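Participant: Got a file for you: my_file-v8.cif, mmCIF, C-alpha atoms and all ligand atoms.
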```
data_structure
#
loop_
_atom_site.group_PDB
_atom_site.id
_atom_site.type_symbol
_atom_site.label_atom_id
_atom_site.label_comp_id
_atom_site.auth_asym_id
_atom_site.auth_seq_id
_atom_site.Cartn_x
_atom_site.Cartn_y
_atom_site.Cartn_z
ATOM 1 C CA MET A 7 -4.068 20.739 17.944
ATOM 2 C CA LYS A 8 -2.234 20.878 14.607
ATOM 3 C CA LYS A 9 -3.559 23.350 12.034
ATOM 4 C CA LEU A 10 -6.023 21.550 9.749
ATOM 5 C CA TYR A 11 -6.918 22.055 6.091
ATOM 6 C CA PHE A 12 -10.153 20.944 4.439
ATOM 7 C CA GLY A 13 -10.966 21.700 0.843
ATOM 8 C CA SER A 14 -12.829 20.531 -2.182
ATOM 9 C CA ASN A 15 -12.177 20.553 -5.884
ATOM 10 C CA LEU A 16 -15.571 20.862 -7.616
ATOM 11 C CA LYS A 17 -14.062 19.615 -10.908
ATOM 12 C CA MET A 18 -16.522 20.046 -13.820
ATOM 13 C CA TYR A 19 -19.670 19.419 -11.809
ATOM 14 C CA LYS A 20 -21.379 22.564 -10.528
ATOM 15 C CA ASN A 21 -22.684 25.427 -12.694
ATOM 16 C CA ILE A 22 -22.789 29.042 -11.476
ATOM 17 C CA ARG A 23 -26.071 28.770 -9.580
ATOM 18 C CA GLU A 24 -25.197 25.431 -8.003
ATOM 19 C CA THR A 25 -21.797 26.781 -6.933
ATOM 20 C CA THR A 26 -23.203 29.920 -5.313
ATOM 21 C CA ASP A 27 -25.988 27.962 -3.551
ATOM 22 C CA TYR A 28 -23.386 25.522 -2.274
ATOM 23 C CA LEU A 29 -21.027 28.238 -1.033
ATOM 24 C CA ILE A 30 -23.779 30.196 0.707
ATOM 25 C CA ARG A 31 -24.905 27.023 2.488
ATOM 26 C CA LEU A 32 -21.377 25.939 3.413
ATOM 27 C CA GLN A 33 -20.529 29.399 4.769
ATOM 28 C CA LYS A 34 -23.582 29.304 7.003
ATOM 29 C CA LEU A 35 -22.844 25.808 8.263
ATOM 30 C CA THR A 36 -19.158 26.399 8.988
ATOM 31 C CA GLN A 37 -19.394 29.924 10.394
ATOM 32 C CA ASP A 38 -18.686 28.875 13.975
ATOM 33 C CA LEU A 39 -15.556 26.824 13.241
ATOM 34 C CA GLU A 40 -12.254 28.081 14.661
ATOM 35 C CA HIS A 41 -10.905 29.620 11.501
ATOM 36 C CA GLU A 42 -7.447 30.340 12.962
ATOM 37 C CA LYS A 43 -6.996 26.594 13.358
ATOM 38 C CA ILE A 44 -9.059 25.267 10.449
ATOM 39 C CA THR A 45 -8.466 26.457 6.895
ATOM 40 C CA LEU A 46 -11.339 25.818 4.489
ATOM 41 C CA PHE A 47 -11.164 26.190 0.725
ATOM 42 C CA ILE A 48 -13.282 25.478 -2.333
ATOM 43 C CA ILE A 49 -12.082 25.274 -5.922
ATOM 44 C CA PRO A 50 -14.990 25.847 -8.344
ATOM 45 C CA SER A 51 -15.059 25.898 -12.146
ATOM 46 C CA TYR A 52 -13.658 28.990 -13.903
ATOM 47 C CA THR A 53 -17.106 30.152 -14.997
ATOM 48 C CA SER A 54 -18.317 30.247 -11.381
ATOM 49 C CA LEU A 55 -15.313 32.023 -9.895
ATOM 50 C CA ASP A 56 -16.435 35.613 -10.440
ATOM 51 C CA ARG A 57 -19.816 35.102 -8.763
ATOM 52 C CA ALA A 58 -18.273 32.875 -6.111
ATOM 53 C CA SER A 59 -15.760 35.527 -5.133
ATOM 54 C CA GLY A 60 -18.571 38.088 -4.880
ATOM 55 C CA ILE A 61 -20.518 36.063 -2.310
ATOM 56 C CA THR A 62 -17.754 34.344 -0.337
ATOM 57 C CA ASP A 63 -15.945 35.673 2.717
ATOM 58 C CA GLN A 64 -12.478 34.383 1.973
ATOM 59 C CA ASN A 65 -11.443 34.828 5.592
ATOM 60 C CA GLN A 66 -13.775 31.899 6.149
ATOM 61 C CA ILE A 67 -13.627 29.942 2.884
ATOM 62 C CA MET A 68 -10.733 30.590 0.531
ATOM 63 C CA LEU A 69 -11.384 30.202 -3.175
ATOM 64 C CA GLY A 70 -9.119 28.674 -5.777
ATOM 65 C CA ALA A 71 -8.861 27.985 -9.501
ATOM 66 C CA GLN A 72 -8.400 24.495 -10.921
ATOM 67 C CA ASN A 73 -5.566 25.442 -13.284
ATOM 68 C CA MET A 74 -3.648 28.431 -14.671
ATOM 69 C CA CYS A 75 -1.342 29.336 -17.548
ATOM 70 C CA TRP A 76 2.265 30.198 -16.684
ATOM 71 C CA GLU A 77 2.251 33.236 -18.990
ATOM 72 C CA GLU A 78 0.540 36.574 -18.287
ATOM 73 C CA VAL A 79 -0.640 37.376 -21.835
ATOM 74 C CA GLY A 80 -0.202 35.978 -25.317
ATOM 75 C CA GLN A 81 -1.268 33.528 -27.957
ATOM 76 C CA PHE A 82 -2.583 30.831 -25.622
ATOM 77 C CA THR A 83 -6.080 29.999 -26.821
ATOM 78 C CA GLY A 84 -8.241 28.479 -24.115
ATOM 79 C CA GLU A 85 -5.891 29.378 -21.272
ATOM 80 C CA ILE A 86 -6.415 31.613 -18.221
ATOM 81 C CA SER A 87 -3.633 33.940 -17.113
ATOM 82 C CA PRO A 88 -2.504 34.700 -13.550
ATOM 83 C CA LEU A 89 -3.544 38.330 -14.112
ATOM 84 C CA MET A 90 -7.086 37.209 -14.932
ATOM 85 C CA LEU A 91 -7.241 35.189 -11.731
ATOM 86 C CA GLN A 92 -5.843 38.107 -9.733
ATOM 87 C CA GLU A 93 -8.733 40.234 -11.040
ATOM 88 C CA LEU A 94 -11.127 37.776 -9.387
ATOM 89 C CA GLY A 95 -9.463 38.098 -5.998
ATOM 90 C CA ILE A 96 -9.043 34.370 -5.481
ATOM 91 C CA LYS A 97 -6.310 33.030 -3.223
ATOM 92 C CA ILE A 98 -5.318 29.553 -4.416
ATOM 93 C CA VAL A 99 -4.328 27.907 -7.681
ATOM 94 C CA GLU A 100 -4.491 24.128 -7.889
ATOM 95 C CA LEU A 101 -1.861 22.680 -10.231
ATOM 96 C CA GLY A 102 -1.000 19.231 -11.506
ATOM 97 C CA HIS A 103 -4.210 17.460 -10.529
ATOM 98 C CA SER A 104 -4.083 13.858 -11.761
ATOM 99 C CA GLU A 105 -6.849 14.596 -14.269
ATOM 100 C CA ARG A 106 -4.692 17.392 -15.745
ATOM 101 C CA ARG A 107 -1.682 15.095 -15.872
ATOM 102 C CA HIS A 108 -3.356 11.968 -17.193
ATOM 103 C CA ILE A 109 -6.242 13.218 -19.360
ATOM 104 C CA PHE A 110 -4.679 16.451 -20.620
ATOM 105 C CA GLY A 111 -1.059 15.348 -20.741
ATOM 106 C CA GLU A 112 0.481 17.975 -18.466
ATOM 107 C CA THR A 113 4.109 17.199 -17.715
ATOM 108 C CA ASN A 114 6.098 17.788 -14.548
ATOM 109 C CA GLU A 115 8.037 20.525 -16.359
ATOM 110 C CA ILE A 116 4.875 22.429 -17.388
ATOM 111 C CA ILE A 117 3.459 22.039 -13.897
ATOM 112 C CA GLY A 118 6.734 23.368 -12.455
ATOM 113 C CA GLN A 119 6.425 26.499 -14.600
ATOM 114 C CA LYS A 120 2.859 26.991 -13.412
ATOM 115 C CA VAL A 121 3.809 26.559 -9.754
ATOM 116 C CA LYS A 122 6.489 29.230 -10.112
ATOM 117 C CA ALA A 123 4.093 31.606 -11.908
ATOM 118 C CA ALA A 124 1.397 31.093 -9.270
ATOM 119 C CA LEU A 125 3.821 31.903 -6.453
ATOM 120 C CA GLU A 126 5.222 34.923 -8.263
ATOM 121 C CA HIS A 127 1.690 36.273 -8.613
ATOM 122 C CA GLY A 128 1.000 35.905 -4.912
ATOM 123 C CA PHE A 129 -1.263 32.841 -5.014
ATOM 124 C CA ILE A 130 -1.038 29.808 -2.808
ATOM 125 C CA ALA A 131 0.141 27.060 -5.172
ATOM 126 C CA LEU A 132 -1.547 23.762 -4.382
ATOM 127 C CA LEU A 133 0.632 21.201 -6.144
ATOM 128 C CA CYS A 134 -1.026 17.799 -6.582
ATOM 129 C CA ILE A 135 1.135 14.704 -6.872
ATOM 130 C CA GLY A 136 0.548 10.953 -6.748
ATOM 131 C CA GLU A 137 1.481 7.653 -8.315
ATOM 132 C CA THR A 138 -0.692 5.598 -10.657
ATOM 133 C CA GLY A 139 -1.874 2.076 -9.784
ATOM 134 C CA LYS A 140 0.702 0.613 -12.160
ATOM 135 C CA GLU A 141 3.535 2.593 -10.600
ATOM 136 C CA LYS A 142 2.405 1.402 -7.180
ATOM 137 C CA GLN A 143 2.365 -2.205 -8.409
ATOM 138 C CA CYS A 144 5.898 -1.813 -9.750
ATOM 139 C CA GLY A 145 7.025 -0.550 -6.350
ATOM 140 C CA ILE A 146 8.163 2.838 -7.647
ATOM 141 C CA SER A 147 5.690 5.114 -5.821
ATOM 142 C CA ASP A 148 8.380 6.892 -3.796
ATOM 143 C CA GLU A 149 10.506 7.506 -6.886
ATOM 144 C CA ILE A 150 7.496 8.985 -8.719
ATOM 145 C CA LEU A 151 6.713 11.301 -5.803
ATOM 146 C CA ARG A 152 10.353 12.372 -5.705
ATOM 147 C CA ILE A 153 10.368 13.200 -9.443
ATOM 148 C CA GLN A 154 7.050 15.067 -9.229
ATOM 149 C CA LEU A 155 8.241 17.122 -6.267
ATOM 150 C CA LYS A 156 11.756 17.809 -7.510
ATOM 151 C CA THR A 157 10.583 18.872 -10.966
ATOM 152 C CA GLY A 158 7.383 20.584 -9.860
ATOM 153 C CA LEU A 159 9.268 22.630 -7.255
ATOM 154 C CA SER A 160 12.555 23.111 -9.106
ATOM 155 C CA LYS A 161 12.040 26.872 -9.446
ATOM 156 C CA VAL A 162 10.650 27.476 -5.962
ATOM 157 C CA CYS A 163 12.812 29.251 -3.393
ATOM 158 C CA GLU A 164 12.669 29.107 0.378
ATOM 159 C CA GLU A 165 10.999 32.540 0.701
ATOM 160 C CA GLU A 166 8.016 31.239 -1.270
ATOM 161 C CA LEU A 167 7.399 28.185 0.870
ATOM 162 C CA ASP A 168 4.755 29.824 3.061
ATOM 163 C CA LYS A 169 2.539 29.936 -0.061
ATOM 164 C CA LEU A 170 3.030 26.303 -1.003
ATOM 165 C CA TRP A 171 0.643 23.456 -0.220
ATOM 166 C CA ILE A 172 0.989 19.883 -1.466
ATOM 167 C CA ALA A 173 -1.851 17.424 -2.069
ATOM 168 C CA TYR A 174 -0.941 13.756 -2.169
ATOM 169 C CA GLU A 175 -3.588 12.139 -4.345
ATOM 170 C CA PRO A 176 -2.726 8.621 -5.492
ATOM 171 C CA VAL A 177 -4.300 8.270 -8.937
ATOM 172 C CA TRP A 178 -5.728 4.836 -8.094
ATOM 173 C CA ALA A 179 -7.627 6.348 -5.152
ATOM 174 C CA ILE A 180 -9.378 9.174 -7.021
ATOM 175 C CA GLY A 181 -12.946 9.283 -8.313
ATOM 176 C CA VAL A 182 -15.780 6.818 -8.913
ATOM 177 C CA ASN A 183 -13.450 3.897 -9.649
ATOM 178 C CA GLY A 184 -10.994 4.803 -6.909
ATOM 179 C CA LEU A 185 -10.207 2.845 -3.753
ATOM 180 C CA PRO A 186 -9.267 5.019 -0.771
ATOM 181 C CA ALA A 187 -5.729 4.614 0.517
ATOM 182 C CA SER A 188 -5.586 3.129 4.001
ATOM 183 C CA SER A 189 -4.539 5.537 6.754
ATOM 184 C CA ASP A 190 -1.285 3.611 7.167
ATOM 185 C CA TYR A 191 -0.420 3.766 3.477
ATOM 186 C CA ALA A 192 -1.285 7.468 3.256
ATOM 187 C CA GLN A 193 0.812 8.192 6.365
ATOM 188 C CA GLU A 194 3.760 6.285 4.906
ATOM 189 C CA LYS A 195 3.652 8.338 1.688
ATOM 190 C CA HIS A 196 3.100 11.633 3.512
ATOM 191 C CA HIS A 197 6.208 10.839 5.528
ATOM 192 C CA VAL A 198 8.147 10.258 2.306
ATOM 193 C CA ILE A 199 6.838 13.597 0.938
ATOM 194 C CA LYS A 200 7.760 15.505 4.105
ATOM 195 C CA ASN A 201 11.263 14.017 3.983
ATOM 196 C CA ILE A 202 11.699 15.066 0.345
ATOM 197 C CA LEU A 203 10.481 18.594 1.170
ATOM 198 C CA GLN A 204 12.999 18.761 3.980
ATOM 199 C CA GLU A 205 15.734 17.467 1.721
ATOM 200 C CA LEU A 206 14.868 20.167 -0.860
ATOM 201 C CA PHE A 207 14.371 23.139 1.445
ATOM 202 C CA GLY A 208 15.869 22.174 4.798
ATOM 203 C CA GLU A 209 13.939 22.735 8.035
ATOM 204 C CA PRO A 210 11.376 25.183 6.492
ATOM 205 C CA GLY A 211 10.295 22.403 4.101
ATOM 206 C CA LYS A 212 8.787 20.610 7.096
ATOM 207 C CA ALA A 213 6.207 23.372 7.560
ATOM 208 C CA VAL A 214 4.630 22.939 4.101
ATOM 209 C CA PRO A 215 1.130 21.504 4.610
ATOM 210 C CA VAL A 216 0.552 18.149 2.937
ATOM 211 C CA LEU A 217 -3.084 17.186 2.327
ATOM 212 C CA TYR A 218 -4.432 13.757 1.406
ATOM 213 C CA GLY A 219 -6.994 13.321 -1.393
ATOM 214 C CA GLY A 220 -8.634 10.319 -3.064
ATOM 215 C CA SER A 221 -12.001 8.846 -2.017
ATOM 216 C CA VAL A 222 -12.026 10.612 1.337
ATOM 217 C CA ASN A 223 -15.433 10.014 2.938
ATOM 218 C CA LEU A 224 -17.236 10.288 6.261
ATOM 219 C CA GLU A 225 -15.975 6.871 7.315
ATOM 220 C CA ASN A 226 -12.262 7.263 6.632
ATOM 221 C CA ALA A 227 -11.722 11.022 7.207
ATOM 222 C CA GLY A 228 -11.069 10.737 10.965
ATOM 223 C CA GLY A 229 -8.504 7.943 10.632
ATOM 224 C CA LEU A 230 -6.649 9.782 7.871
ATOM 225 C CA ILE A 231 -6.466 13.183 9.549
ATOM 226 C CA GLN A 232 -5.202 11.608 12.791
ATOM 227 C CA GLN A 233 -1.993 10.558 11.037
ATOM 228 C CA PRO A 234 0.964 12.671 12.157
ATOM 229 C CA ASP A 235 2.057 13.704 8.646
ATOM 230 C CA ILE A 236 -1.418 14.386 7.214
ATOM 231 C CA ASP A 237 -2.293 18.069 7.633
ATOM 232 C CA GLY A 238 -5.561 18.148 5.752
ATOM 233 C CA LEU A 239 -8.041 16.469 3.456
ATOM 234 C CA PHE A 240 -8.705 17.374 -0.156
ATOM 235 C CA VAL A 241 -12.115 15.977 -0.945
ATOM 236 C CA GLY A 242 -14.089 15.418 -4.128
ATOM 237 C CA ARG A 243 -17.426 13.611 -4.136
ATOM 238 C CA SER A 244 -17.972 13.540 -0.375
ATOM 239 C CA ALA A 245 -17.765 17.329 -0.206
ATOM 240 C CA TRP A 246 -20.153 18.336 -2.953
ATOM 241 C CA ASP A 247 -23.125 18.378 -0.616
ATOM 242 C CA ALA A 248 -22.581 21.213 1.893
ATOM 243 C CA GLU A 249 -24.243 19.336 4.809
ATOM 244 C CA LYS A 250 -22.135 16.243 4.196
ATOM 245 C CA PHE A 251 -18.906 18.222 3.916
ATOM 246 C CA ASN A 252 -19.683 20.177 7.078
ATOM 247 C CA GLN A 253 -20.229 16.869 8.893
ATOM 248 C CA LEU A 254 -16.996 15.439 7.542
ATOM 249 C CA ILE A 255 -15.024 18.515 8.670
ATOM 250 C CA ARG A 256 -16.550 18.355 12.159
ATOM 251 C CA ASP A 257 -16.049 14.597 12.566
ATOM 252 C CA ALA A 258 -12.443 14.823 11.396
ATOM 253 C CA THR A 259 -11.670 17.771 13.672
ATOM 254 C CA GLU A 260 -13.246 15.918 16.575
ATOM 255 C CA ALA A 261 -11.093 12.854 15.805
ATOM 256 C CA VAL A 262 -7.927 15.003 16.008
ATOM 257 C CA ASN A 263 -9.104 16.688 19.222
ATOM 258 C CA MET A 264 -9.898 13.331 20.833
ATOM 259 C CA GLU A 265 -6.418 12.102 20.032
ATOM 260 C CA VAL A 266 -4.824 15.153 21.634
ATOM 261 C CA SER A 267 -6.892 15.046 24.846
HETATM 262 P P1 LIG B 1 -12.699 12.065 -4.863
HETATM 263 O O1 LIG B 1 -12.750 12.450 -3.406
HETATM 264 O O2 LIG B 1 -14.033 12.149 -5.529
HETATM 265 O O3 LIG B 1 -12.020 10.732 -5.059
HETATM 266 O O4 LIG B 1 -11.788 13.163 -5.611
HETATM 267 C C1 LIG B 1 -10.593 13.572 -5.034
HETATM 268 C C2 LIG B 1 -9.974 14.644 -5.839
HETATM 269 O O5 LIG B 1 -9.689 14.481 -7.011
HETATM 270 C C3 LIG B 1 -9.716 15.944 -5.174
HETATM 271 O O6 LIG B 1 -8.937 16.761 -5.999
#
```
Is it possible to give me this structure as structure tokens?
Ligand code: 13P
Facilitator:
Amino acid sequence: MKKLYFGSNLKMYKNIRETTDYLIRLQKLTQDLEHEKITLFIIPSYTSLDRASGITDQNQIMLGAQNMCWEEVGQFTGEISPLMLQELGIKIVELGHSERRHIFGETNEIIGQKVKAALEHGFIALLCIGETGKEKQCGISDEILRIQLKTGLSKVCEEELDKLWIAYEPVWAIGVNGLPASSDYAQEKHHVIKNILQELFGEPGKAVPVLYGGSVNLENAGGLIQQPDIDGLFVGRSAWDAEKFNQLIRDATEAVNMEVS
């Protein structure tokens, strides 16, 4: 079976107590999973990270931050530095989520600086990319993915690739107004992404995990994860209840196992 990745971005939804309750429950429910083959991760709000890291066994559930500044210290009001995240002992930094790009105006260049800083500070950099509905309509999705990858990864070298994850999250598929991508469409775009990674980094680029996100739910998770170029699922709403997320992880893993046997 291929190595699988399941994670959730909690966005701006859970407070400290809700986050710790959720993590305690999810840890209990997923304890028996084969953690060498299945990587789990949760990305809570900044304010919950300290408590979350105190109660979470990161060999079982890795923790991440939703954003990070590229500088270590300085006049950057409202920002969080890589050193501050290191203090918390978290493993992952999510960068370039569509909400950061489209609500907060983050550019590919800024995101590229953050990716480099995250890798230099020993974090896994989870770079999110994806085209908008309009870009899809204009038939330029592949070009957009190419620009996002080439700029976002322009400072990354081959030695850092083992700390790089990509999430393909088409903007039109994310959130309450989103429509999930079909398995075929997601596979097609994951294939494009894998080819670009190979073009940029040669053979080692092929090993970078590429996760799909955008309205993943109990119904579509199995079909998505069965696609050859989809290594994991990055889930929002359908993961925010620990029981539901546990079920989704198990159903999706089962779907991959059934395909193999
Ligand atoms: P939804 O699963 O709620 O569409 O959110 C996906 C997402 O943004 C994960 O980062």
Participant: Expand the PyMOL selection byres (((chain A and resi 78) around 10) and not hetatm) into the individual residues it matches in the shown file, reporting them as a count of residues only.
Facilitator: 14
Participant: Figure out the distance between CA of Leu133 in chain A and CA of Gly102 in chain A, please, to one decimal in Å.
Facilitator: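 For CA of Gly102 in chain A relative to CA of Leu133 in chain A, the distance reads 5.9 Å.
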Participant: Hey, what's within 8 Å of Thr26 in chain A if we count only C-alpha atoms and toss same-chain stuff fewer than 3 positions away? As number ranges by chain, please?
Facilitator: A: 22-23, 29-30, 54, 57-58, 61
Participant: Using only C-alpha atoms and all ligand atoms, tabulate the residues of chain A lying at most 7 Å from any atom of ligand LIG 1 (chain B), each with its closest atom pair and that distance in Å to one decimal, by chain and increasing residue number, as JSON lines.
Facilitator:
```
{"residue": "A:Ser14", "atom": "CA", "partner": "B:LIG1", "partner_atom": "C3", "distance": 6.3}
{"residue": "A:Asn15", "atom": "CA", "partner": "B:LIG1", "partner_atom": "O6", "distance": 5.0}
{"residue": "A:His103", "atom": "CA", "partner": "B:LIG1", "partner_atom": "O6", "distance": 6.6}
{"residue": "A:Ala179", "atom": "CA", "partner": "B:LIG1", "partner_atom": "O3", "distance": 6.2}
{"residue": "A:Ile180", "atom": "CA", "partner": "B:LIG1", "partner_atom": "O3", "distance": 3.6}
{"residue": "A:Gly181", "atom": "CA", "partner": "B:LIG1", "partner_atom": "O3", "distance": 3.7}
{"residue": "A:Val182", "atom": "CA", "partner": "B:LIG1", "partner_atom": "O2", "distance": 6.6}
{"residue": "A:Gly184", "atom": "CA", "partner": "B:LIG1", "partner_atom": "O3", "distance": 6.3}
{"residue": "A:Gly219", "atom": "CA", "partner": "B:LIG1", "partner_atom": "C1", "distance": 5.1}
{"residue": "A:Gly220", "atom": "CA", "partner": "B:LIG1", "partner_atom": "O3", "distance": 4.0}
{"residue": "A:Ser221", "atom": "CA", "partner": "B:LIG1", "partner_atom": "O3", "distance": 3.6}
{"residue": "A:Val222", "atom": "CA", "partner": "B:LIG1", "partner_atom": "O1", "distance": 5.1}
{"residue": "A:Phe240", "atom": "CA", "partner": "B:LIG1", "partner_atom": "C3", "distance": 5.3}
{"residue": "A:Val241", "atom": "CA", "partner": "B:LIG1", "partner_atom": "O1", "distance": 4.3}
{"residue": "A:Gly242", "atom": "CA", "partner": "B:LIG1", "partner_atom": "O1", "distance": 3.3}
{"residue": "A:Arg243", "atom": "CA", "partner": "B:LIG1", "partner_atom": "O2", "distance": 3.9}
{"residue": "A:Ser244", "atom": "CA", "partner": "B:LIG1", "partner_atom": "O1", "distance": 6.1}
```
Participant: Pick out the closest residue to Lys122 in chain A from this set: A:Leu203, A:Val162, A:Ala71, A:Leu101. Count all atoms listed in the file.
Facilitator: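 The closest residue to Lys122 in chain A is A:Val162.
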Participant: Apply the PyMOL selection byres (((chain A and resi 232) around 10) and not hetatm) to the displayed file and report the matching residues as a PDB file with C-alpha atoms, in the frame of the given file.
Facilitator:
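To be explicit, this is the file written out as selection_29.pdb:
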```pdb
ATOM      1  CA  LYS A   8      -2.234  20.878  14.607  1.00  0.00           C
ATOM      2  CA  SER A 189      -4.539   5.537   6.754  1.00  0.00           C
ATOM      3  CA  GLN A 193       0.812   8.192   6.365  1.00  0.00           C
ATOM      4  CA  ALA A 227     -11.722  11.022   7.207  1.00  0.00           C
ATOM      5  CA  GLY A 228     -11.069  10.737  10.965  1.00  0.00           C
ATOM      6  CA  GLY A 229      -8.504   7.943  10.632  1.00  0.00           C
ATOM      7  CA  LEU A 230      -6.649   9.782   7.871  1.00  0.00           C
ATOM      8  CA  ILE A 231      -6.466  13.183   9.549  1.00  0.00           C
ATOM      9  CA  GLN A 233      -1.993  10.558  11.037  1.00  0.00           C
ATOM     10  CA  PRO A 234       0.964  12.671  12.157  1.00  0.00           C
ATOM     11  CA  ASP A 235       2.057  13.704   8.646  1.00  0.00           C
ATOM     12  CA  ILE A 236      -1.418  14.386   7.214  1.00  0.00           C
ATOM     13  CA  ASP A 237      -2.293  18.069   7.633  1.00  0.00           C
ATOM     14  CA  GLY A 238      -5.561  18.148   5.752  1.00  0.00           C
ATOM     15  CA  ALA A 258     -12.443  14.823  11.396  1.00  0.00           C
ATOM     16  CA  THR A 259     -11.670  17.771  13.672  1.00  0.00           C
ATOM     17  CA  GLU A 260     -13.246  15.918  16.575  1.00  0.00           C
ATOM     18  CA  ALA A 261     -11.093  12.854  15.805  1.00  0.00           C
ATOM     19  CA  VAL A 262      -7.927  15.003  16.008  1.00  0.00           C
ATOM     20  CA  ASN A 263      -9.104  16.688  19.222  1.00  0.00           C
ATOM     21  CA  MET A 264      -9.898  13.331  20.833  1.00  0.00           C
ATOM     22  CA  GLU A 265      -6.418  12.102  20.032  1.00  0.00           C
ATOM     23  CA  VAL A 266      -4.824  15.153  21.634  1.00  0.00           C
TER      24      VAL A 266
END
```
Participant: Under the PyMOL selection byres (((chain A and resi 177) around 12) and not hetatm), which residues of this model are included? Write them out as a PyMOL selection string.
Facilitator: chain A and resi 102-109+134-142+147+150-151+173-176+178-187+218-221
Participant: Using only C-alpha atoms for the distances, tell me which of A:Ser267, A:Asn223, A:Gln92, A:Thr62 is nearest to Tyr28 in chain A.
Facilitator: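 With only C-alpha atoms as the atom set, the closest residue is A:Thr62.
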Participant: When distances are computed from all atoms listed in the file, which of A:Glu40, A:Glu100, A:Glu115, A:Asp168 shows the smallest separation from Gly13 in chain A?
Facilitator: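 Of A:Glu40, A:Glu100, A:Glu115, A:Asp168, the one nearest Gly13 in chain A, counting all atoms listed in the file, is A:Glu100.
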Participant: What is the distance between CA of Glu42 in chain A and CA of Lys169 in chain A, in Å to one decimal?
Facilitator: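 Separation of CA of Glu42 in chain A and CA of Lys169 in chain A: 16.4 Å.
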